[in-house]
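Chemist: You'll find data.cif just under this line, and it carries mmCIF, N, CA and C atoms.
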```cif
data_structure
loop_
_atom_site.label_atom_id
_atom_site.label_comp_id
_atom_site.auth_asym_id
_atom_site.auth_seq_id
_atom_site.Cartn_x
_atom_site.Cartn_y
_atom_site.Cartn_z
N MET J 12 -44.88 12.09 41.57
CA MET J 12 -45.22 10.85 40.86
C MET J 12 -43.97 10.04 40.56
N SER J 13 -42.86 10.70 40.27
CA SER J 13 -41.63 10.02 39.92
C SER J 13 -41.17 9.08 41.04
N GLN J 14 -41.29 9.53 42.29
CA GLN J 14 -40.88 8.69 43.42
C GLN J 14 -41.75 7.45 43.54
N VAL J 15 -43.03 7.57 43.27
CA VAL J 15 -43.94 6.42 43.33
C VAL J 15 -43.54 5.40 42.27
N VAL J 16 -43.26 5.85 41.06
CA VAL J 16 -42.83 4.95 39.98
C VAL J 16 -41.52 4.27 40.35
N GLN J 17 -40.57 5.04 40.86
CA GLN J 17 -39.27 4.48 41.22
C GLN J 17 -39.39 3.43 42.32
N VAL J 18 -40.13 3.74 43.36
CA VAL J 18 -40.28 2.80 44.47
C VAL J 18 -41.04 1.55 44.02
N THR J 19 -42.09 1.73 43.25
CA THR J 19 -42.87 0.59 42.77
C THR J 19 -42.02 -0.31 41.86
N GLY J 20 -41.31 0.29 40.92
CA GLY J 20 -40.44 -0.49 40.03
C GLY J 20 -39.38 -1.25 40.80
N ALA J 21 -38.76 -0.59 41.77
CA ALA J 21 -37.73 -1.24 42.58
C ALA J 21 -38.31 -2.37 43.40
N VAL J 22 -39.49 -2.17 44.00
CA VAL J 22 -40.12 -3.21 44.81
C VAL J 22 -40.45 -4.43 43.96
N VAL J 23 -40.92 -4.22 42.74
CA VAL J 23 -41.25 -5.34 41.84
C VAL J 23 -40.00 -6.16 41.54
N ILE J 24 -38.91 -5.49 41.19
CA ILE J 24 -37.65 -6.19 40.89
C ILE J 24 -37.14 -6.91 42.14
N LEU J 25 -37.16 -6.23 43.27
CA LEU J 25 -36.65 -6.83 44.50
C LEU J 25 -37.52 -7.99 44.98
N ALA J 26 -38.82 -7.92 44.76
CA ALA J 26 -39.70 -9.04 45.12
C ALA J 26 -39.35 -10.28 44.31
N ALA J 27 -39.10 -10.09 43.01
CA ALA J 27 -38.71 -11.22 42.16
C ALA J 27 -37.38 -11.80 42.64
N PHE J 28 -36.43 -10.93 42.95
CA PHE J 28 -35.12 -11.38 43.42
C PHE J 28 -35.24 -12.14 44.74
N ALA J 29 -36.00 -11.59 45.67
CA ALA J 29 -36.18 -12.25 46.97
C ALA J 29 -36.86 -13.61 46.80
N ALA J 30 -37.86 -13.68 45.94
CA ALA J 30 -38.55 -14.95 45.70
C ALA J 30 -37.60 -15.98 45.08
N ALA J 31 -36.73 -15.53 44.20
CA ALA J 31 -35.75 -16.45 43.60
C ALA J 31 -34.76 -16.93 44.65
N GLN J 32 -34.30 -16.03 45.51
CA GLN J 32 -33.36 -16.42 46.56
C GLN J 32 -33.99 -17.37 47.57
N ALA J 33 -35.29 -17.23 47.78
CA ALA J 33 -36.00 -18.11 48.71
C ALA J 33 -36.41 -19.43 48.06
N GLY J 34 -36.11 -19.59 46.78
CA GLY J 34 -36.45 -20.82 46.08
C GLY J 34 -37.89 -20.89 45.62
N ARG J 35 -38.60 -19.78 45.64
CA ARG J 35 -40.00 -19.76 45.23
C ARG J 35 -40.18 -19.49 43.74
N LEU J 36 -39.19 -18.86 43.12
CA LEU J 36 -39.22 -18.59 41.68
C LEU J 36 -37.90 -19.01 41.06
N ASP J 37 -37.98 -19.64 39.93
CA ASP J 37 -36.79 -19.96 39.15
C ASP J 37 -36.43 -18.73 38.33
N ILE J 38 -35.14 -18.45 38.20
CA ILE J 38 -34.73 -17.23 37.49
C ILE J 38 -35.02 -17.30 35.98
N ARG J 39 -35.36 -18.46 35.49
CA ARG J 39 -35.74 -18.58 34.07
C ARG J 39 -37.26 -18.70 33.91
N SER J 40 -38.00 -18.59 35.00
CA SER J 40 -39.45 -18.74 34.92
C SER J 40 -40.10 -17.48 34.34
N ARG J 41 -41.25 -17.69 33.77
CA ARG J 41 -41.99 -16.57 33.19
C ARG J 41 -42.35 -15.50 34.22
N PRO J 42 -42.84 -15.88 35.40
CA PRO J 42 -43.15 -14.84 36.39
C PRO J 42 -41.94 -14.01 36.80
N TYR J 43 -40.80 -14.66 37.01
CA TYR J 43 -39.59 -13.94 37.40
C TYR J 43 -39.17 -12.96 36.31
N LEU J 44 -39.15 -13.43 35.08
CA LEU J 44 -38.75 -12.58 33.96
C LEU J 44 -39.75 -11.45 33.73
N ALA J 45 -41.04 -11.75 33.87
CA ALA J 45 -42.07 -10.72 33.69
C ALA J 45 -41.96 -9.64 34.77
N LEU J 46 -41.73 -10.04 36.01
CA LEU J 46 -41.57 -9.06 37.08
C LEU J 46 -40.36 -8.16 36.82
N ASN J 47 -39.26 -8.76 36.39
CA ASN J 47 -38.07 -7.98 36.07
C ASN J 47 -38.33 -7.03 34.91
N LEU J 48 -39.03 -7.51 33.89
CA LEU J 48 -39.34 -6.68 32.74
C LEU J 48 -40.20 -5.48 33.14
N VAL J 49 -41.25 -5.73 33.88
CA VAL J 49 -42.17 -4.65 34.28
C VAL J 49 -41.46 -3.64 35.18
N GLY J 50 -40.75 -4.13 36.17
CA GLY J 50 -40.06 -3.22 37.09
C GLY J 50 -38.98 -2.40 36.40
N ALA J 51 -38.16 -3.06 35.59
CA ALA J 51 -37.07 -2.36 34.91
C ALA J 51 -37.60 -1.40 33.85
N ALA J 52 -38.65 -1.78 33.15
CA ALA J 52 -39.23 -0.89 32.14
C ALA J 52 -39.80 0.37 32.79
N ALA J 53 -40.48 0.21 33.92
CA ALA J 53 -41.01 1.38 34.63
C ALA J 53 -39.88 2.31 35.06
N LEU J 54 -38.81 1.72 35.59
CA LEU J 54 -37.67 2.53 36.02
C LEU J 54 -36.96 3.18 34.83
N ALA J 55 -36.88 2.47 33.71
CA ALA J 55 -36.24 3.03 32.52
C ALA J 55 -37.03 4.21 31.98
N VAL J 56 -38.35 4.08 31.93
CA VAL J 56 -39.18 5.20 31.45
C VAL J 56 -39.03 6.40 32.37
N ASP J 57 -39.02 6.16 33.67
CA ASP J 57 -38.85 7.26 34.61
C ASP J 57 -37.47 7.90 34.45
N ALA J 58 -36.44 7.09 34.27
CA ALA J 58 -35.08 7.61 34.08
C ALA J 58 -35.01 8.46 32.81
N TRP J 59 -35.68 8.02 31.76
CA TRP J 59 -35.70 8.78 30.51
C TRP J 59 -36.38 10.14 30.72
N ARG J 60 -37.51 10.11 31.40
CA ARG J 60 -38.24 11.36 31.67
C ARG J 60 -37.42 12.33 32.52
N GLU J 61 -36.65 11.78 33.45
CA GLU J 61 -35.84 12.61 34.35
C GLU J 61 -34.44 12.89 33.78
N ARG J 62 -34.15 12.36 32.60
CA ARG J 62 -32.84 12.55 31.93
C ARG J 62 -31.68 12.06 32.80
N GLN J 63 -31.88 10.90 33.38
CA GLN J 63 -30.84 10.25 34.18
C GLN J 63 -30.24 9.14 33.33
N TRP J 64 -29.24 9.49 32.54
CA TRP J 64 -28.75 8.62 31.47
C TRP J 64 -28.10 7.34 31.98
N GLY J 65 -27.35 7.40 33.05
CA GLY J 65 -26.74 6.18 33.60
C GLY J 65 -27.79 5.21 34.10
N PHE J 66 -28.78 5.74 34.79
CA PHE J 66 -29.88 4.93 35.30
C PHE J 66 -30.70 4.36 34.15
N LEU J 67 -30.90 5.16 33.10
CA LEU J 67 -31.60 4.69 31.91
C LEU J 67 -30.84 3.53 31.26
N LEU J 68 -29.53 3.66 31.16
CA LEU J 68 -28.72 2.58 30.58
C LEU J 68 -28.89 1.29 31.38
N LEU J 69 -28.75 1.39 32.68
CA LEU J 69 -28.88 0.21 33.55
C LEU J 69 -30.25 -0.43 33.42
N GLU J 70 -31.30 0.34 33.61
CA GLU J 70 -32.64 -0.22 33.62
C GLU J 70 -33.12 -0.59 32.22
N GLY J 71 -32.69 0.16 31.20
CA GLY J 71 -33.06 -0.18 29.83
C GLY J 71 -32.48 -1.52 29.42
N VAL J 72 -31.21 -1.73 29.73
CA VAL J 72 -30.58 -3.02 29.41
C VAL J 72 -31.21 -4.13 30.24
N TRP J 73 -31.48 -3.86 31.52
CA TRP J 73 -32.13 -4.86 32.38
C TRP J 73 -33.48 -5.27 31.78
N ALA J 74 -34.26 -4.29 31.32
CA ALA J 74 -35.56 -4.58 30.72
C ALA J 74 -35.40 -5.38 29.42
N LEU J 75 -34.42 -5.01 28.60
CA LEU J 75 -34.20 -5.75 27.34
C LEU J 75 -33.78 -7.19 27.60
N VAL J 76 -32.89 -7.40 28.54
CA VAL J 76 -32.45 -8.77 28.86
C VAL J 76 -33.63 -9.59 29.37
N ALA J 77 -34.45 -8.99 30.24
CA ALA J 77 -35.64 -9.69 30.74
C ALA J 77 -36.62 -9.97 29.61
N ALA J 78 -36.78 -9.03 28.70
CA ALA J 78 -37.71 -9.21 27.57
C ALA J 78 -37.24 -10.35 26.66
N PHE J 79 -35.94 -10.39 26.36
CA PHE J 79 -35.42 -11.48 25.52
C PHE J 79 -35.56 -12.82 26.23
N GLY J 80 -35.28 -12.86 27.52
CA GLY J 80 -35.44 -14.09 28.28
C GLY J 80 -36.88 -14.56 28.32
N LEU J 81 -37.79 -13.62 28.52
CA LEU J 81 -39.22 -13.96 28.54
C LEU J 81 -39.68 -14.44 27.17
N ALA J 82 -39.24 -13.77 26.12
CA ALA J 82 -39.61 -14.20 24.76
C ALA J 82 -39.10 -15.62 24.49
N ALA J 83 -37.88 -15.90 24.91
CA ALA J 83 -37.33 -17.25 24.73
C ALA J 83 -38.16 -18.28 25.48
N GLU J 84 -38.59 -17.94 26.70
CA GLU J 84 -39.41 -18.86 27.48
C GLU J 84 -40.79 -19.05 26.85
N LEU J 85 -41.35 -17.98 26.32
CA LEU J 85 -42.67 -18.09 25.69
C LEU J 85 -42.62 -18.91 24.40
N LEU J 86 -41.49 -18.87 23.72
CA LEU J 86 -41.35 -19.63 22.47
C LEU J 86 -40.90 -21.06 22.68
N ARG J 87 -40.38 -21.36 23.87
CA ARG J 87 -39.90 -22.71 24.17
C ARG J 87 -41.08 -23.64 24.40
N PRO J 88 -41.07 -24.81 23.74
CA PRO J 88 -42.17 -25.77 23.98
C PRO J 88 -42.16 -26.25 25.43
N ARG J 89 -43.33 -26.39 26.00
CA ARG J 89 -43.44 -26.87 27.38
C ARG J 89 -43.25 -28.38 27.39
N ARG J 90 -42.54 -28.85 28.41
CA ARG J 90 -42.30 -30.29 28.53
C ARG J 90 -43.43 -30.95 29.32
N ALA J 91 -43.97 -31.99 28.77
CA ALA J 91 -45.03 -32.75 29.46
C ALA J 91 -44.40 -33.61 30.54
N GLY J 92 -45.01 -33.62 31.71
CA GLY J 92 -44.54 -34.49 32.79
C GLY J 92 -43.36 -33.96 33.58
N GLY J 93 -42.71 -32.92 33.09
CA GLY J 93 -41.56 -32.34 33.79
C GLY J 93 -42.00 -31.22 34.70
N ARG J 94 -41.05 -30.72 35.45
CA ARG J 94 -41.32 -29.59 36.33
C ARG J 94 -41.49 -28.35 35.49
N ILE J 95 -42.62 -27.70 35.68
CA ILE J 95 -42.89 -26.44 34.97
C ILE J 95 -42.65 -25.33 35.97
N SER J 96 -41.75 -24.44 35.64
CA SER J 96 -41.35 -23.42 36.59
C SER J 96 -41.90 -22.05 36.24
N GLY J 97 -42.98 -21.96 35.55
CA GLY J 97 -43.45 -20.63 35.25
C GLY J 97 -44.79 -20.68 34.70
#
```
Translate the structure of the given file into structure tokens.

Modeler:
Amino acid sequence: MSQVVQVTGAVVILAAFAAAQAGRLDIRSRPYLALNLVGAAALAVDAWRERQWGFLLLEGVWALVAAFGLAAELLRPRRAGGRISG
């Protein structure tokens, strides 16, 4: 099961990254941040269960940064008439 979680979490993060590089997602958009949060959180939980402390540090911080970014986006008022990127 651990390998399935790891591969799924990595694919979610990499899909967001690839979409951003292709210009399909803005790195500050809600979908991009949500994908990073979900993928990194899954990897962090798996790292914790497997006692992989370096990996837990990396993915835990990645998930926290994505969570704070997503919270900021959710609290930011939407602009009328402007480009909405998420």

Chemist: J:Ala53, J:Arg60, J:Arg89, J:Ala78: which is nearest Val16 (chain J), counting only N, CA and C atoms?

Modeler: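 Closest to Val16 (chain J) of all the choices is J:Ala53.
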
Chemist: Between CA of Ala45 (chain J) and CA of Val18 (chain J), what is the distance in Å, rounded to a tenth?

Modeler: 17.4 Å

Chemist: Counting only C-alpha atoms, which residue out of J:Val76, J:Ile24, J:Leu67, J:Leu86 sits closest to Val49 (chain J)?

Modeler: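 Residue with the minimum atom-to-atom distance to Val49 (chain J): J:Ile24.
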
Chemist: Quick one: pull the distance between CA of Asp57 (chain J) and atom C of Glu84 (chain J), Å, one decimal.

Modeler: 27.5 Å

Chemist: Might you spell out which residues the PyMOL selection byres (((chain J and resi 48 and name CA) around 8) and name CA) would select in the displayed file, as a PyMOL selection string?

Modeler: chain J and resi 44-47+49-52+73-75+77-78

Chemist: Would you please give, as JSON, numbers by chain, all residues of chain J that DSSP assigns to alpha helix (DSSP H) based on the backbone?

Modeler: {"J": [13, 14, 15, 16, 17, 18, 19, 20, 21, 22, 23, 24, 25, 26, 27, 28, 29, 30, 31, 32, 41, 42, 43, 44, 45, 46, 47, 48, 49, 50, 51, 52, 53, 54, 55, 56, 57, 58, 59, 60, 64, 65, 66, 67, 68, 69, 70, 71, 72, 73, 74, 75, 76, 77, 78, 79, 80, 81, 82, 83, 84, 85, 86]}

Chemist: What separation in Å, quoted to one decimal, exists between atom N of Tyr43 (chain J) and atom N of Val56 (chain J)?

Modeler: 19.6 Å

Chemist: Using all atoms listed in the file and a cutoff of 7 Å, can you tell me which residues are near (-37.6, -17.7, 33.8) in the file's coordinates, and write them out as a ChimeraX atom specification?

Modeler: /J:37-45,80-81,84,96-97

Chemist: Enclose the full set of atoms of region 25-39 of chain J listed in the file within a box whose edges lie along x, y and z, apply 3 Å of padding to each of the six sides, and report centre and edge lengths in Å to one decimal as JSON.

Modeler:
```
{"center_x": -36.8, "center_y": -13.6, "center_z": 41.3, "size_x": 12.8, "size_y": 20.7, "size_z": 20.8}
```

Chemist: With N, CA, C and O atoms as the target, complete region 74-92 of chain J and hand it back as a PDB file, keeping the file's coordinate frame.

Modeler:
```
ATOM      1  N   ALA J  74     -34.260  -4.290  31.320  1.00  0.00           N
ATOM      2  CA  ALA J  74     -35.560  -4.580  30.720  1.00  0.00           C
ATOM      3  C   ALA J  74     -35.400  -5.380  29.420  1.00  0.00           C
ATOM      4  O   ALA J  74     -36.154  -6.329  29.172  1.00  0.00           O
ATOM      5  N   LEU J  75     -34.420  -5.010  28.600  1.00  0.00           N
ATOM      6  CA  LEU J  75     -34.200  -5.750  27.340  1.00  0.00           C
ATOM      7  C   LEU J  75     -33.780  -7.190  27.600  1.00  0.00           C
ATOM      8  O   LEU J  75     -34.281  -8.114  26.934  1.00  0.00           O
ATOM      9  N   VAL J  76     -32.890  -7.400  28.540  1.00  0.00           N
ATOM     10  CA  VAL J  76     -32.450  -8.770  28.860  1.00  0.00           C
ATOM     11  C   VAL J  76     -33.630  -9.590  29.370  1.00  0.00           C
ATOM     12  O   VAL J  76     -33.835 -10.740  28.962  1.00  0.00           O
ATOM     13  N   ALA J  77     -34.450  -8.990  30.240  1.00  0.00           N
ATOM     14  CA  ALA J  77     -35.640  -9.690  30.740  1.00  0.00           C
ATOM     15  C   ALA J  77     -36.620  -9.970  29.610  1.00  0.00           C
ATOM     16  O   ALA J  77     -37.212 -11.063  29.546  1.00  0.00           O
ATOM     17  N   ALA J  78     -36.780  -9.030  28.700  1.00  0.00           N
ATOM     18  CA  ALA J  78     -37.710  -9.210  27.570  1.00  0.00           C
ATOM     19  C   ALA J  78     -37.240 -10.350  26.660  1.00  0.00           C
ATOM     20  O   ALA J  78     -38.043 -11.190  26.245  1.00  0.00           O
ATOM     21  N   PHE J  79     -35.940 -10.390  26.360  1.00  0.00           N
ATOM     22  CA  PHE J  79     -35.420 -11.480  25.520  1.00  0.00           C
ATOM     23  C   PHE J  79     -35.560 -12.820  26.230  1.00  0.00           C
ATOM     24  O   PHE J  79     -35.921 -13.828  25.614  1.00  0.00           O
ATOM     25  N   GLY J  80     -35.280 -12.860  27.520  1.00  0.00           N
ATOM     26  CA  GLY J  80     -35.440 -14.090  28.280  1.00  0.00           C
ATOM     27  C   GLY J  80     -36.880 -14.560  28.320  1.00  0.00           C
ATOM     28  O   GLY J  80     -37.175 -15.749  28.161  1.00  0.00           O
ATOM     29  N   LEU J  81     -37.790 -13.620  28.520  1.00  0.00           N
ATOM     30  CA  LEU J  81     -39.220 -13.960  28.540  1.00  0.00           C
ATOM     31  C   LEU J  81     -39.680 -14.440  27.170  1.00  0.00           C
ATOM     32  O   LEU J  81     -40.417 -15.428  27.075  1.00  0.00           O
ATOM     33  N   ALA J  82     -39.240 -13.770  26.120  1.00  0.00           N
ATOM     34  CA  ALA J  82     -39.610 -14.200  24.760  1.00  0.00           C
ATOM     35  C   ALA J  82     -39.100 -15.620  24.490  1.00  0.00           C
ATOM     36  O   ALA J  82     -39.830 -16.448  23.935  1.00  0.00           O
ATOM     37  N   ALA J  83     -37.880 -15.900  24.910  1.00  0.00           N
ATOM     38  CA  ALA J  83     -37.330 -17.250  24.730  1.00  0.00           C
ATOM     39  C   ALA J  83     -38.160 -18.280  25.480  1.00  0.00           C
ATOM     40  O   ALA J  83     -38.430 -19.372  24.965  1.00  0.00           O
ATOM     41  N   GLU J  84     -38.590 -17.940  26.700  1.00  0.00           N
ATOM     42  CA  GLU J  84     -39.410 -18.860  27.480  1.00  0.00           C
ATOM     43  C   GLU J  84     -40.790 -19.050  26.850  1.00  0.00           C
ATOM     44  O   GLU J  84     -41.323 -20.150  26.851  1.00  0.00           O
ATOM     45  N   LEU J  85     -41.350 -17.980  26.320  1.00  0.00           N
ATOM     46  CA  LEU J  85     -42.670 -18.090  25.690  1.00  0.00           C
ATOM     47  C   LEU J  85     -42.620 -18.910  24.400  1.00  0.00           C
ATOM     48  O   LEU J  85     -43.599 -19.572  24.050  1.00  0.00           O
ATOM     49  N   LEU J  86     -41.490 -18.870  23.720  1.00  0.00           N
ATOM     50  CA  LEU J  86     -41.350 -19.630  22.470  1.00  0.00           C
ATOM     51  C   LEU J  86     -40.900 -21.060  22.680  1.00  0.00           C
ATOM     52  O   LEU J  86     -41.021 -21.877  21.777  1.00  0.00           O
ATOM     53  N   ARG J  87     -40.380 -21.360  23.870  1.00  0.00           N
ATOM     54  CA  ARG J  87     -39.900 -22.710  24.170  1.00  0.00           C
ATOM     55  C   ARG J  87     -41.080 -23.640  24.400  1.00  0.00           C
ATOM     56  O   ARG J  87     -41.995 -23.320  25.138  1.00  0.00           O
ATOM     57  N   PRO J  88     -41.070 -24.810  23.740  1.00  0.00           N
ATOM     58  CA  PRO J  88     -42.170 -25.770  23.980  1.00  0.00           C
ATOM     59  C   PRO J  88     -42.160 -26.250  25.430  1.00  0.00           C
ATOM     60  O   PRO J  88     -41.104 -26.462  26.012  1.00  0.00           O
ATOM     61  N   ARG J  89     -43.330 -26.390  26.000  1.00  0.00           N
ATOM     62  CA  ARG J  89     -43.440 -26.870  27.380  1.00  0.00           C
ATOM     63  C   ARG J  89     -43.250 -28.380  27.390  1.00  0.00           C
ATOM     64  O   ARG J  89     -43.738 -29.084  26.524  1.00  0.00           O
ATOM     65  N   ARG J  90     -42.540 -28.850  28.410  1.00  0.00           N
ATOM     66  CA  ARG J  90     -42.300 -30.290  28.530  1.00  0.00           C
ATOM     67  C   ARG J  90     -43.430 -30.950  29.320  1.00  0.00           C
ATOM     68  O   ARG J  90     -43.753 -30.513  30.409  1.00  0.00           O
ATOM     69  N   ALA J  91     -43.970 -31.990  28.770  1.00  0.00           N
ATOM     70  CA  ALA J  91     -45.030 -32.750  29.460  1.00  0.00           C
ATOM     71  C   ALA J  91     -44.400 -33.610  30.540  1.00  0.00           C
ATOM     72  O   ALA J  91     -43.380 -34.250  30.311  1.00  0.00           O
ATOM     73  N   GLY J  92     -45.010 -33.620  31.710  1.00  0.00           N
ATOM     74  CA  GLY J  92     -44.540 -34.490  32.790  1.00  0.00           C
ATOM     75  C   GLY J  92     -43.360 -33.960  33.580  1.00  0.00           C
ATOM     76  O   GLY J  92     -43.036 -34.471  34.613  1.00  0.00           O
TER      77      GLY J  92
END
```
